[in-house]
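**Student:** target_25.pdb is reproduced below (PDB, C-alpha atoms and all ligand atoms).
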```pdb
ATOM      1  CA  MET J   1     111.699 120.205  94.616
ATOM      2  CA  LEU J   2     110.954 119.149  98.171
ATOM      3  CA  ARG J   3     112.418 115.711  98.697
ATOM      4  CA  VAL J   4     114.422 113.474 101.005
ATOM      5  CA  VAL J   5     117.257 111.328  99.698
ATOM      6  CA  VAL J   6     118.779 108.540 101.785
ATOM      7  CA  MET J   7     122.272 107.227 101.062
ATOM      8  CA  LEU J   8     122.879 103.639 102.108
ATOM      9  CA  GLY J   9     126.212 101.847 101.937
ATOM     10  CA  ALA J  10     128.946 100.412 104.108
ATOM     11  CA  PRO J  11     131.218 102.751 106.062
ATOM     12  CA  GLY J  12     133.756 104.053 103.537
ATOM     13  CA  ALA J  13     131.649 103.208 100.481
ATOM     14  CA  GLY J  14     131.809 106.873  99.447
ATOM     15  CA  LYS J  15     128.507 108.133 100.900
ATOM     16  CA  GLY J  16     130.069 111.289 102.320
ATOM     17  CA  THR J  17     131.914 112.221  99.119
ATOM     18  CA  GLN J  18     128.842 111.695  96.945
ATOM     19  CA  ALA J  19     126.486 113.270  99.454
ATOM     20  CA  VAL J  20     128.299 116.614  99.290
ATOM     21  CA  ARG J  21     128.074 116.815  95.478
ATOM     22  CA  LEU J  22     124.554 115.463  95.211
ATOM     23  CA  SER J  23     123.116 117.747  97.858
ATOM     24  CA  LEU J  24     124.618 120.738  96.011
ATOM     25  CA  ALA J  25     123.227 119.529  92.683
ATOM     26  CA  LEU J  26     119.774 119.013  94.169
ATOM     27  CA  SER J  27     119.908 122.162  96.336
ATOM     28  CA  ILE J  28     119.046 120.276  99.480
ATOM     29  CA  GLN J  29     120.857 120.164 102.826
ATOM     30  CA  HIS J  30     123.424 117.419 103.459
ATOM     31  CA  VAL J  31     122.818 115.887 106.884
ATOM     32  CA  SER J  32     125.369 113.358 108.138
ATOM     33  CA  THR J  33     124.641 111.781 111.519
ATOM     34  CA  GLY J  34     128.341 110.796 111.798
ATOM     35  CA  ASP J  35     129.348 114.461 111.306
ATOM     36  CA  LEU J  36     126.734 115.561 113.846
ATOM     37  CA  PHE J  37     128.115 113.114 116.407
ATOM     38  CA  ARG J  38     131.712 114.208 115.663
ATOM     39  CA  GLU J  39     130.628 117.832 116.259
ATOM     40  CA  HIS J  40     129.131 116.845 119.607
ATOM     41  CA  LEU J  41     132.359 115.013 120.523
ATOM     42  CA  LYS J  42     134.447 118.051 119.594
ATOM     43  CA  ARG J  43     132.251 120.380 121.626
ATOM     44  CA  GLY J  44     132.235 117.960 124.573
ATOM     45  CA  THR J  45     128.423 117.967 124.878
ATOM     46  CA  PRO J  46     126.573 115.394 127.041
ATOM     47  CA  LEU J  47     125.387 113.690 123.835
ATOM     48  CA  GLY J  48     128.997 113.562 122.633
ATOM     49  CA  SER J  49     130.120 111.831 125.840
ATOM     50  CA  LYS J  50     127.285 109.323 125.536
ATOM     51  CA  ALA J  51     128.173 108.527 121.902
ATOM     52  CA  LYS J  52     131.972 108.462 122.315
ATOM     53  CA  GLN J  53     132.599 104.879 123.292
ATOM     54  CA  TYR J  54     130.199 103.406 120.743
ATOM     55  CA  MET J  55     131.864 105.389 117.984
ATOM     56  CA  GLU J  56     135.405 104.523 119.039
ATOM     57  CA  GLU J  57     134.611 100.832 119.028
ATOM     58  CA  GLY J  58     132.746 100.929 115.727
ATOM     59  CA  HIS J  59     129.349 100.168 117.275
ATOM     60  CA  LEU J  60     126.117 101.965 116.562
ATOM     61  CA  VAL J  61     125.004 104.688 118.934
ATOM     62  CA  PRO J  62     121.646 103.657 120.507
ATOM     63  CA  ASP J  63     118.618 104.452 118.363
ATOM     64  CA  ASP J  64     116.916 106.868 120.770
ATOM     65  CA  LEU J  65     119.957 109.160 120.863
ATOM     66  CA  VAL J  66     120.313 109.141 117.065
ATOM     67  CA  VAL J  67     116.629 109.694 116.365
ATOM     68  CA  ASP J  68     116.340 112.696 118.713
ATOM     69  CA  MET J  69     119.506 114.270 117.327
ATOM     70  CA  LEU J  70     118.458 113.768 113.702
ATOM     71  CA  PHE J  71     114.907 115.083 113.980
ATOM     72  CA  ASP J  72     116.126 118.105 115.928
ATOM     73  CA  ARG J  73     118.478 118.820 113.049
ATOM     74  CA  VAL J  74     116.049 118.374 110.169
ATOM     75  CA  LYS J  75     113.426 120.672 111.641
ATOM     76  CA  ARG J  76     115.830 123.607 111.183
ATOM     77  CA  PRO J  77     114.940 126.043 108.339
ATOM     78  CA  ASP J  78     117.853 124.970 106.112
ATOM     79  CA  CYS J  79     116.116 121.600 105.697
ATOM     80  CA  SER J  80     112.772 123.049 104.699
ATOM     81  CA  GLU J  81     113.458 122.342 100.987
ATOM     82  CA  GLY J  82     114.411 118.754 101.783
ATOM     83  CA  TYR J  83     117.629 117.013 102.785
ATOM     84  CA  LEU J  84     120.010 114.232 101.939
ATOM     85  CA  LEU J  85     120.657 111.783 104.753
ATOM     86  CA  ASP J  86     124.158 110.326 104.954
ATOM     87  CA  GLY J  87     124.502 107.620 107.598
ATOM     88  CA  TYR J  88     120.840 107.462 108.622
ATOM     89  CA  PRO J  89     118.954 105.111 108.870
ATOM     90  CA  ARG J  90     121.281 102.359 110.027
ATOM     91  CA  THR J  91     118.742 100.078 111.730
ATOM     92  CA  LEU J  92     115.260  98.884 110.898
ATOM     93  CA  HIS J  93     113.880 100.879 113.816
ATOM     94  CA  GLN J  94     115.486 104.077 112.495
ATOM     95  CA  ALA J  95     113.970 103.398 109.057
ATOM     96  CA  GLU J  96     110.534 102.866 110.583
ATOM     97  CA  VAL J  97     110.746 106.129 112.515
ATOM     98  CA  LEU J  98     111.717 107.953 109.329
ATOM     99  CA  GLU J  99     108.823 106.383 107.481
ATOM    100  CA  GLU J 100     106.332 107.300 110.208
ATOM    101  CA  ARG J 101     107.479 110.891 110.314
ATOM    102  CA  LEU J 102     108.003 111.484 106.624
ATOM    103  CA  VAL J 103     107.028 109.263 103.875
ATOM    104  CA  SER J 104     103.425 110.205 103.589
ATOM    105  CA  LYS J 105     104.399 113.897 103.501
ATOM    106  CA  ILE J 106     107.630 114.139 101.495
ATOM    107  CA  PRO J 107     108.778 112.028  98.528
ATOM    108  CA  MET J 108     111.788 109.938  99.447
ATOM    109  CA  GLN J 109     114.383 108.103  97.353
ATOM    110  CA  VAL J 110     117.094 105.706  98.506
ATOM    111  CA  LEU J 111     120.493 105.244  96.881
ATOM    112  CA  GLU J 112     122.711 102.346  97.873
ATOM    113  CA  LEU J 113     126.438 102.393  97.067
ATOM    114  CA  GLU J 114     127.711  98.859  96.642
ATOM    115  CA  VAL J 115     131.402  98.246  97.380
ATOM    116  CA  SER J 116     133.193  95.006  98.358
ATOM    117  CA  ASP J 117     134.443  94.537 101.916
ATOM    118  CA  GLU J 118     138.079  94.313 100.772
ATOM    119  CA  SER J 119     137.865  97.713  99.064
ATOM    120  CA  ILE J 120     136.195  99.189 102.129
ATOM    121  CA  VAL J 121     139.095  98.230 104.398
ATOM    122  CA  GLU J 122     141.604  99.624 101.891
ATOM    123  CA  ARG J 123     139.699 102.865 101.366
ATOM    124  CA  ALA J 124     139.226 103.466 105.081
ATOM    125  CA  ALA J 125     142.937 102.915 105.787
ATOM    126  CA  GLY J 126     143.832 105.848 103.495
ATOM    127  CA  ARG J 127     140.901 108.146 104.207
ATOM    128  CA  LEU J 128     141.654 111.701 105.375
ATOM    129  CA  LEU J 129     139.056 113.971 106.954
ATOM    130  CA  CYS J 130     139.412 117.728 107.282
ATOM    131  CA  ASP J 131     139.162 118.868 110.865
ATOM    132  CA  GLY J 132     137.861 122.252 109.718
ATOM    133  CA  CYS J 133     135.300 121.728 106.944
ATOM    134  CA  GLY J 134     134.686 117.955 106.872
ATOM    135  CA  HIS J 135     136.081 117.600 103.316
ATOM    136  CA  ILE J 136     137.134 114.014 102.563
ATOM    137  CA  GLN J 137     140.351 113.110 100.724
ATOM    138  CA  HIS J 138     142.379 109.919 100.318
ATOM    139  CA  GLU J 139     146.115 109.264 100.543
ATOM    140  CA  LYS J 140     146.094 107.322  97.291
ATOM    141  CA  TYR J 141     142.947 108.301  95.347
ATOM    142  CA  SER J 142     142.753 112.061  96.052
ATOM    143  CA  PRO J 143     146.017 113.040  97.751
ATOM    144  CA  PRO J 144     146.197 116.600  99.108
ATOM    145  CA  GLU J 145     148.329 119.116  97.178
ATOM    146  CA  VAL J 146     150.218 119.839 100.404
ATOM    147  CA  ALA J 147     150.637 116.875 102.741
ATOM    148  CA  GLY J 148     148.274 117.035 105.695
ATOM    149  CA  ILE J 149     146.442 120.153 104.424
ATOM    150  CA  CYS J 150     142.861 120.183 103.133
ATOM    151  CA  ASP J 151     142.607 121.184  99.457
ATOM    152  CA  ALA J 152     139.196 122.768 100.094
ATOM    153  CA  CYS J 153     139.824 125.046 103.086
ATOM    154  CA  GLY J 154     143.480 124.784 104.168
ATOM    155  CA  GLY J 155     142.456 123.035 107.409
ATOM    156  CA  THR J 156     144.224 120.029 108.897
ATOM    157  CA  LEU J 157     143.579 116.595 107.403
ATOM    158  CA  LEU J 158     143.336 113.845 109.988
ATOM    159  CA  LYS J 159     142.717 110.110 109.959
ATOM    160  CA  ARG J 160     139.540 109.049 111.688
ATOM    161  CA  GLU J 161     140.193 106.967 114.818
ATOM    162  CA  ASP J 162     137.488 104.558 113.731
ATOM    163  CA  ASP J 163     139.102 104.000 110.304
ATOM    164  CA  ARG J 164     141.793 101.736 111.798
ATOM    165  CA  PRO J 165     141.505  98.255 110.206
ATOM    166  CA  GLY J 166     140.343  96.506 113.421
ATOM    167  CA  VAL J 167     137.561  99.036 114.001
ATOM    168  CA  VAL J 168     136.605  99.067 110.306
ATOM    169  CA  ARG J 169     136.082  95.303 110.420
ATOM    170  CA  ASN J 170     133.808  95.823 113.426
ATOM    171  CA  ARG J 171     131.894  98.529 111.581
ATOM    172  CA  LEU J 172     131.523  96.259 108.567
ATOM    173  CA  ALA J 173     130.177  93.439 110.723
ATOM    174  CA  VAL J 174     127.683  95.852 112.291
ATOM    175  CA  TYR J 175     126.766  97.077 108.807
ATOM    176  CA  HIS J 176     126.069  93.593 107.448
ATOM    177  CA  ASP J 177     124.114  92.624 110.530
ATOM    178  CA  GLN J 178     122.014  95.747 111.186
ATOM    179  CA  THR J 179     122.054  98.055 108.172
ATOM    180  CA  GLN J 180     122.143  95.824 105.113
ATOM    181  CA  PRO J 181     118.620  94.472 105.768
ATOM    182  CA  LEU J 182     117.452  97.996 104.922
ATOM    183  CA  SER J 183     118.191  97.300 101.236
ATOM    184  CA  ASP J 184     115.367  94.755 101.206
ATOM    185  CA  TYR J 185     113.161  97.031 103.253
ATOM    186  CA  TYR J 186     113.453  99.796 100.660
ATOM    187  CA  ARG J 187     113.433  97.433  97.677
ATOM    188  CA  GLN J 188     110.067  96.106  98.825
ATOM    189  CA  ARG J 189     108.802  99.672  98.971
ATOM    190  CA  ASP J 190     110.115 100.360  95.476
ATOM    191  CA  MET J 191     112.327 103.186  96.668
ATOM    192  CA  LEU J 192     115.770 101.647  96.158
ATOM    193  CA  CYS J 193     118.322 102.327  93.453
ATOM    194  CA  VAL J 194     121.634 100.442  93.709
ATOM    195  CA  VAL J 195     124.792 102.040  92.290
ATOM    196  CA  ASP J 196     128.164 100.353  91.801
ATOM    197  CA  GLY J 197     130.321 102.326  94.233
ATOM    198  CA  SER J 198     133.576 100.703  93.139
ATOM    199  CA  ASN J 199     133.895 102.971  90.085
ATOM    200  CA  ALA J 200     135.682 106.334  90.007
ATOM    201  CA  PRO J 201     133.899 109.064  92.040
ATOM    202  CA  ASP J 202     132.753 110.974  88.916
ATOM    203  CA  GLU J 203     131.160 107.859  87.440
ATOM    204  CA  VAL J 204     129.465 107.033  90.733
ATOM    205  CA  TYR J 205     128.152 110.582  90.903
ATOM    206  CA  GLU J 206     126.683 110.408  87.393
ATOM    207  CA  ALA J 207     125.063 107.059  88.173
ATOM    208  CA  CYS J 208     123.539 108.468  91.362
ATOM    209  CA  LEU J 209     122.155 111.491  89.514
ATOM    210  CA  ALA J 210     120.708 109.235  86.816
ATOM    211  CA  CYS J 211     118.921 107.178  89.484
ATOM    212  CA  LEU J 212     117.486 110.258  91.130
ATOM    213  CA  GLU J 213     116.281 111.673  87.840
ATOM    214  CA  GLU J 214     114.699 108.371  86.830
ATOM    215  CA  VAL J 215     112.423 108.273  89.825
ATOM    216  CA  GLY J 216     112.315 112.020  90.560
TER
HETATM  217  P1  LIG L   1     129.812 107.698 109.952
HETATM  218  O1  LIG L   1     130.608 108.940 109.855
HETATM  219  O2  LIG L   1     128.495 107.771 109.239
HETATM  220  O3  LIG L   1     130.597 106.468 109.578
HETATM  221  O4  LIG L   1     129.439 107.517 111.508
HETATM  222  C1  LIG L   1     130.451 107.408 112.498
HETATM  223  C2  LIG L   1     129.895 106.705 113.726
HETATM  224  O5  LIG L   1     128.813 107.487 114.269
HETATM  225  C3  LIG L   1     129.296 105.328 113.473
HETATM  226  O6  LIG L   1     130.276 104.294 113.442
HETATM  227  C4  LIG L   1     128.348 105.205 114.674
HETATM  228  O7  LIG L   1     129.059 104.921 115.863
HETATM  229  C5  LIG L   1     127.790 106.624 114.794
HETATM  230  N1  LIG L   1     126.561 106.791 113.965
HETATM  231  C6  LIG L   1     126.409 107.607 112.882
HETATM  232  N2  LIG L   1     125.171 107.508 112.376
HETATM  233  C7  LIG L   1     124.519 106.593 113.132
HETATM  234  C8  LIG L   1     123.218 106.024 113.091
HETATM  235  N3  LIG L   1     122.311 106.381 112.165
HETATM  236  N4  LIG L   1     122.902 105.098 114.043
HETATM  237  C9  LIG L   1     123.790 104.729 114.982
HETATM  238  N5  LIG L   1     125.044 105.206 115.067
HETATM  239  C10 LIG L   1     125.413 106.135 114.153
END
```
For this file, produce the structure as structure tokens.
Ligand code: AMP
**Tutor:**
Amino acid sequence: MLRVVVMLGAPGAGKGTQAVRLSLALSIQHVSTGDLFREHLKRGTPLGSKAKQYMEEGHLVPDDLVVDMLFDRVKRPDCSEGYLLDGYPRTLHQAEVLEERLVSKIPMQVLELEVSDESIVERAAGRLLCDGCGHIQHEKYSPPEVAGICDACGGTLLKREDDRPGVVRNRLAVYHDQTQPLSDYYRQRDMLCVVDGSNAPDEVYEACLACLEEVG
């Protein structure tokens, strides 16, 4: 079924982990703006250099750069059956652009993962990201079978620079200030389903699926 799913939630709430499973279950493409920016950084593109400092400090990359990058990505053929957005929108302006371009044409649902700030800081401190395939693990909650090696592809697991506690607190402040108002925005449009993200990943996944089935 052609559809767009948006995942909202603080940085480290588990959007990435859930997004991978949900997009597979729904047979739609997972599109993470954070991953797209990290790819640009790795490849040293002009967009990567523009985004670098914002990302390192835990600030949002300016809207115009994000919007162009995202809509370039979703017009590719692998998104023709729909897509799941992980990390977009993060500002009211980004949500309005998405609405203008989409909502009248493609059904859209929004899932919000709710997790307390204290858990976010703890989760981020132990988060491990595979340099090769983007798989996410955690030192305490999903430790790799071999230290430092990705269980999924054998690549190298690294800590994200912006997961250091100081930067995470910045990212949380930015989240509360700029992104959280989107919950109300989508609630008013009757598109929002809130899931308790503090539960175990399997439970969160089931709750997300239930939400999507309810409205889908
Ligand atoms: P994420 O992996 O989603 O936590 O994103 C990592 C970083 O990329 C964020 O802290 C921002 O600097 C940048 N970024 C990702 N998505 C967006 C967005 N929609 N708007 C602005 N900045 C973004």
**Student:** From the list J:Gln29, J:Gly87, J:Thr179, J:Leu113, which residue is nearest Ala207 in chain J when using only C-alpha atoms?
**Tutor:**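 Looking only at the distances to Ala207 in chain J, the closest residue turns out to be J:Leu113.
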**Student:** Suppose a student applies the PyMOL selection byres (((chain J and resi 38) around 12) and not hetatm) to this structure; what residues should they get, written as a PyMOL selection string?
**Tutor:** chain J and resi 32-37+39-45+47-52+55-56+129-132+134+160-162
**Student:** Can you tell me which residues surround Asn170 in chain J at a distance of at most 8 Å, considering all atoms listed in the file, apart from same-chain residues fewer than 3 positions away, and format the answer as JSON, numbers by chain?
**Tutor:** {"J": [57, 58, 59, 166, 167, 173, 174]}
**Student:** Counting only C-alpha atoms, what is within 12 Å of Asp86 in chain J, bar same-chain residues fewer than 4 positions away, as a VMD selection string?
**Tutor:** chain J and resid 4 to 20 22 to 23 29 to 36 70 90 110 to 113
**Student:** What does the distance between CA of Ala200 in chain J and CA of Ser116 in chain J come to in Å, to one decimal place?
**Tutor:** 14.3 Å
**Student:** If we count all atoms listed in the file, what is near Met1 in chain J at a cut-off of 9 Å, once residues fewer than 3 positions away on the same chain are taken out, given as a tab-separated table (two decimals) with C-alpha atoms, keeping the file's coordinate frame?
**Tutor:**
```
chain	number	residue	atom	x	y	z
J	26	LEU	CA	119.77	119.01	94.17
J	27	SER	CA	119.91	122.16	96.34
J	28	ILE	CA	119.05	120.28	99.48
J	81	GLU	CA	113.46	122.34	100.99
J	82	GLY	CA	114.41	118.75	101.78
```
**Student:** Report the distance between CA of Leu209 in chain J and CA of Ala25 in chain J in Å, rounded to one decimal place.
**Tutor:**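 Rounded to one decimal, the two atoms are 8.7 Å apart.
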**Student:** Choose the residue, out of J:Leu102, J:Leu24, J:Ala125, J:Val168, that has the smallest atom-to-atom separation from ligand LIG 1 (chain L); count only C-alpha atoms and all ligand atoms.
**Tutor:** J:Val168
**Student:** Counting all atoms listed in the file, which of J:Glu114, J:Val97, J:Pro201, J:Ser183 gets nearest to ligand LIG 1 (chain L)?
**Tutor:**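 Comparing J:Glu114, J:Val97, J:Pro201, J:Ser183 against ligand LIG 1 (chain L), the winner is J:Val97.
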**Student:** At what distance in Å, to one decimal, does CA of Gly197 in chain J lie from CA of Val115 in chain J?
**Tutor:**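 Answer for the CA of Val115 in chain J to CA of Gly197 in chain J separation: 5.3 Å.
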**Student:** On this structure, which residues satisfy the PyMOL selection byres (((chain J and resi 185) around 12) and not hetatm), written as a compact mmCIF listing (two decimals) with C-alpha atoms, in the coordinates of the input?
**Tutor:**
```
# COMPACT_ATOMS: atom_id res chain seq x y z
CA LEU J 8 122.88 103.64 102.11
CA PRO J 89 118.95 105.11 108.87
CA ARG J 90 121.28 102.36 110.03
CA THR J 91 118.74 100.08 111.73
CA LEU J 92 115.26 98.88 110.90
CA HIS J 93 113.88 100.88 113.82
CA GLN J 94 115.49 104.08 112.50
CA ALA J 95 113.97 103.40 109.06
CA GLU J 96 110.53 102.87 110.58
CA GLU J 99 108.82 106.38 107.48
CA VAL J 110 117.09 105.71 98.51
CA GLN J 178 122.01 95.75 111.19
CA THR J 179 122.05 98.06 108.17
CA GLN J 180 122.14 95.82 105.11
CA PRO J 181 118.62 94.47 105.77
CA LEU J 182 117.45 98.00 104.92
CA SER J 183 118.19 97.30 101.24
CA ASP J 184 115.37 94.76 101.21
CA TYR J 186 113.45 99.80 100.66
CA ARG J 187 113.43 97.43 97.68
CA GLN J 188 110.07 96.11 98.82
CA ARG J 189 108.80 99.67 98.97
CA ASP J 190 110.12 100.36 95.48
CA MET J 191 112.33 103.19 96.67
CA LEU J 192 115.77 101.65 96.16
```
**Student:** For each of J:Gly154, J:Pro165, J:Pro62, J:Pro143, take the minimum atom-to-atom distance to ligand LIG 1 (chain L), counting all atoms listed in the file, then give the residue where this is smallest.
**Tutor:**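 Using all atoms listed in the file, the shortest distance to ligand LIG 1 (chain L) belongs to J:Pro62.
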**Student:** Could you write out as lines of an AutoDock Vina configuration file the box around range 194-202 of chain J (axis-aligned, all atoms listed in the file, 5 Å on each side), with centre and edge lengths in Å to one decimal?
**Tutor:**
```
center_x = 128.7
center_y = 105.7
center_z = 91.6
size_x = 24.0
size_y = 20.6
size_z = 15.3
```
**Student:** Just say which residues the PyMOL selection byres (((chain J and resi 155) around 12) and not hetatm) picks in this file, as a compact mmCIF listing (two decimals) with C-alpha atoms, in the coordinates of the input.
**Tutor:**
```
# COMPACT_ATOMS: atom_id res chain seq x y z
CA LEU J 128 141.65 111.70 105.38
CA LEU J 129 139.06 113.97 106.95
CA CYS J 130 139.41 117.73 107.28
CA ASP J 131 139.16 118.87 110.86
CA GLY J 132 137.86 122.25 109.72
CA CYS J 133 135.30 121.73 106.94
CA GLY J 134 134.69 117.96 106.87
CA HIS J 135 136.08 117.60 103.32
CA ILE J 136 137.13 114.01 102.56
CA PRO J 144 146.20 116.60 99.11
CA VAL J 146 150.22 119.84 100.40
CA ALA J 147 150.64 116.88 102.74
CA GLY J 148 148.27 117.04 105.70
CA ILE J 149 146.44 120.15 104.42
CA CYS J 150 142.86 120.18 103.13
CA ASP J 151 142.61 121.18 99.46
CA ALA J 152 139.20 122.77 100.09
CA CYS J 153 139.82 125.05 103.09
CA GLY J 154 143.48 124.78 104.17
CA THR J 156 144.22 120.03 108.90
CA LEU J 157 143.58 116.60 107.40
CA LEU J 158 143.34 113.84 109.99
```
**Student:** Counting all atoms listed in the file, figure out which residue out of J:His176, J:Arg171, J:Arg123, J:Arg21 gets nearest to ligand LIG 1 (chain L).
**Tutor:** J:Arg171
**Student:** Copy range 185-206 of chain J out of the block into a file, keeping N, CA, C and O atoms, as a compact mmCIF listing (two decimals), in the first residue's frame.
**Tutor:**
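For reference, part.txt as written:
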```txt
# COMPACT_ATOMS: atom_id res chain seq x y z
N TYR J 185 0.91 19.54 16.30
CA TYR J 185 0.59 19.79 14.89
C TYR J 185 -0.09 18.56 14.28
O TYR J 185 -1.12 18.67 13.63
N TYR J 186 0.49 17.38 14.54
CA TYR J 186 -0.08 16.17 13.95
C TYR J 186 -1.30 15.67 14.73
O TYR J 186 -2.18 15.04 14.15
N ARG J 187 -1.32 15.96 16.03
CA ARG J 187 -2.51 15.55 16.81
C ARG J 187 -3.73 16.29 16.29
O ARG J 187 -4.79 15.71 16.08
N GLN J 188 -3.54 17.60 16.04
CA GLN J 188 -4.67 18.40 15.52
C GLN J 188 -5.15 17.88 14.18
O GLN J 188 -6.30 18.05 13.81
N ARG J 189 -4.25 17.28 13.42
CA ARG J 189 -4.64 16.76 12.11
C ARG J 189 -5.09 15.30 12.18
O ARG J 189 -5.25 14.65 11.16
N ASP J 190 -5.16 14.79 13.41
CA ASP J 190 -5.62 13.42 13.62
C ASP J 190 -4.72 12.36 12.96
O ASP J 190 -5.20 11.34 12.48
N MET J 191 -3.44 12.64 12.95
CA MET J 191 -2.52 11.70 12.29
C MET J 191 -1.61 11.01 13.29
O MET J 191 -0.82 10.15 12.93
N LEU J 192 -1.67 11.44 14.57
CA LEU J 192 -0.63 11.04 15.52
C LEU J 192 -1.01 9.82 16.34
O LEU J 192 -2.12 9.71 16.86
N CYS J 193 -0.05 8.91 16.49
CA CYS J 193 -0.20 7.81 17.43
C CYS J 193 1.05 7.81 18.33
O CYS J 193 2.18 7.79 17.82
N VAL J 194 0.84 7.88 19.65
CA VAL J 194 1.98 7.95 20.57
C VAL J 194 2.22 6.56 21.15
O VAL J 194 1.30 5.89 21.61
N VAL J 195 3.50 6.14 21.13
CA VAL J 195 3.88 4.82 21.65
C VAL J 195 4.88 5.03 22.78
O VAL J 195 5.76 5.88 22.68
N ASP J 196 4.75 4.22 23.84
CA ASP J 196 5.69 4.30 24.95
C ASP J 196 7.00 3.65 24.50
O ASP J 196 7.10 2.43 24.36
N GLY J 197 8.01 4.49 24.28
CA GLY J 197 9.29 4.00 23.75
C GLY J 197 10.22 3.49 24.84
O GLY J 197 11.36 3.09 24.54
N SER J 198 9.76 3.48 26.09
CA SER J 198 10.66 3.05 27.17
C SER J 198 10.62 1.53 27.34
O SER J 198 11.43 0.96 28.06
N ASN J 199 9.68 0.86 26.69
CA ASN J 199 9.60 -0.60 26.79
C ASN J 199 10.70 -1.28 25.97
O ASN J 199 11.43 -0.63 25.23
N ALA J 200 10.75 -2.61 26.07
CA ALA J 200 11.73 -3.38 25.29
C ALA J 200 11.45 -3.20 23.80
O ALA J 200 10.29 -3.02 23.41
N PRO J 201 12.49 -3.24 22.95
CA PRO J 201 12.32 -2.99 21.51
C PRO J 201 11.21 -3.82 20.86
O PRO J 201 10.45 -3.28 20.04
N ASP J 202 11.07 -5.11 21.25
CA ASP J 202 10.03 -5.94 20.62
C ASP J 202 8.63 -5.42 20.95
O ASP J 202 7.73 -5.43 20.10
N GLU J 203 8.46 -5.00 22.21
CA GLU J 203 7.15 -4.47 22.62
C GLU J 203 6.85 -3.16 21.89
O GLU J 203 5.71 -2.91 21.47
N VAL J 204 7.87 -2.32 21.77
CA VAL J 204 7.68 -1.04 21.07
C VAL J 204 7.29 -1.31 19.62
O VAL J 204 6.38 -0.69 19.07
N TYR J 205 7.97 -2.28 19.04
CA TYR J 205 7.69 -2.63 17.64
C TYR J 205 6.23 -3.08 17.46
O TYR J 205 5.52 -2.61 16.56
N GLU J 206 5.78 -3.96 18.36
CA GLU J 206 4.39 -4.45 18.26
C GLU J 206 3.41 -3.29 18.42
O GLU J 206 2.40 -3.22 17.72
```
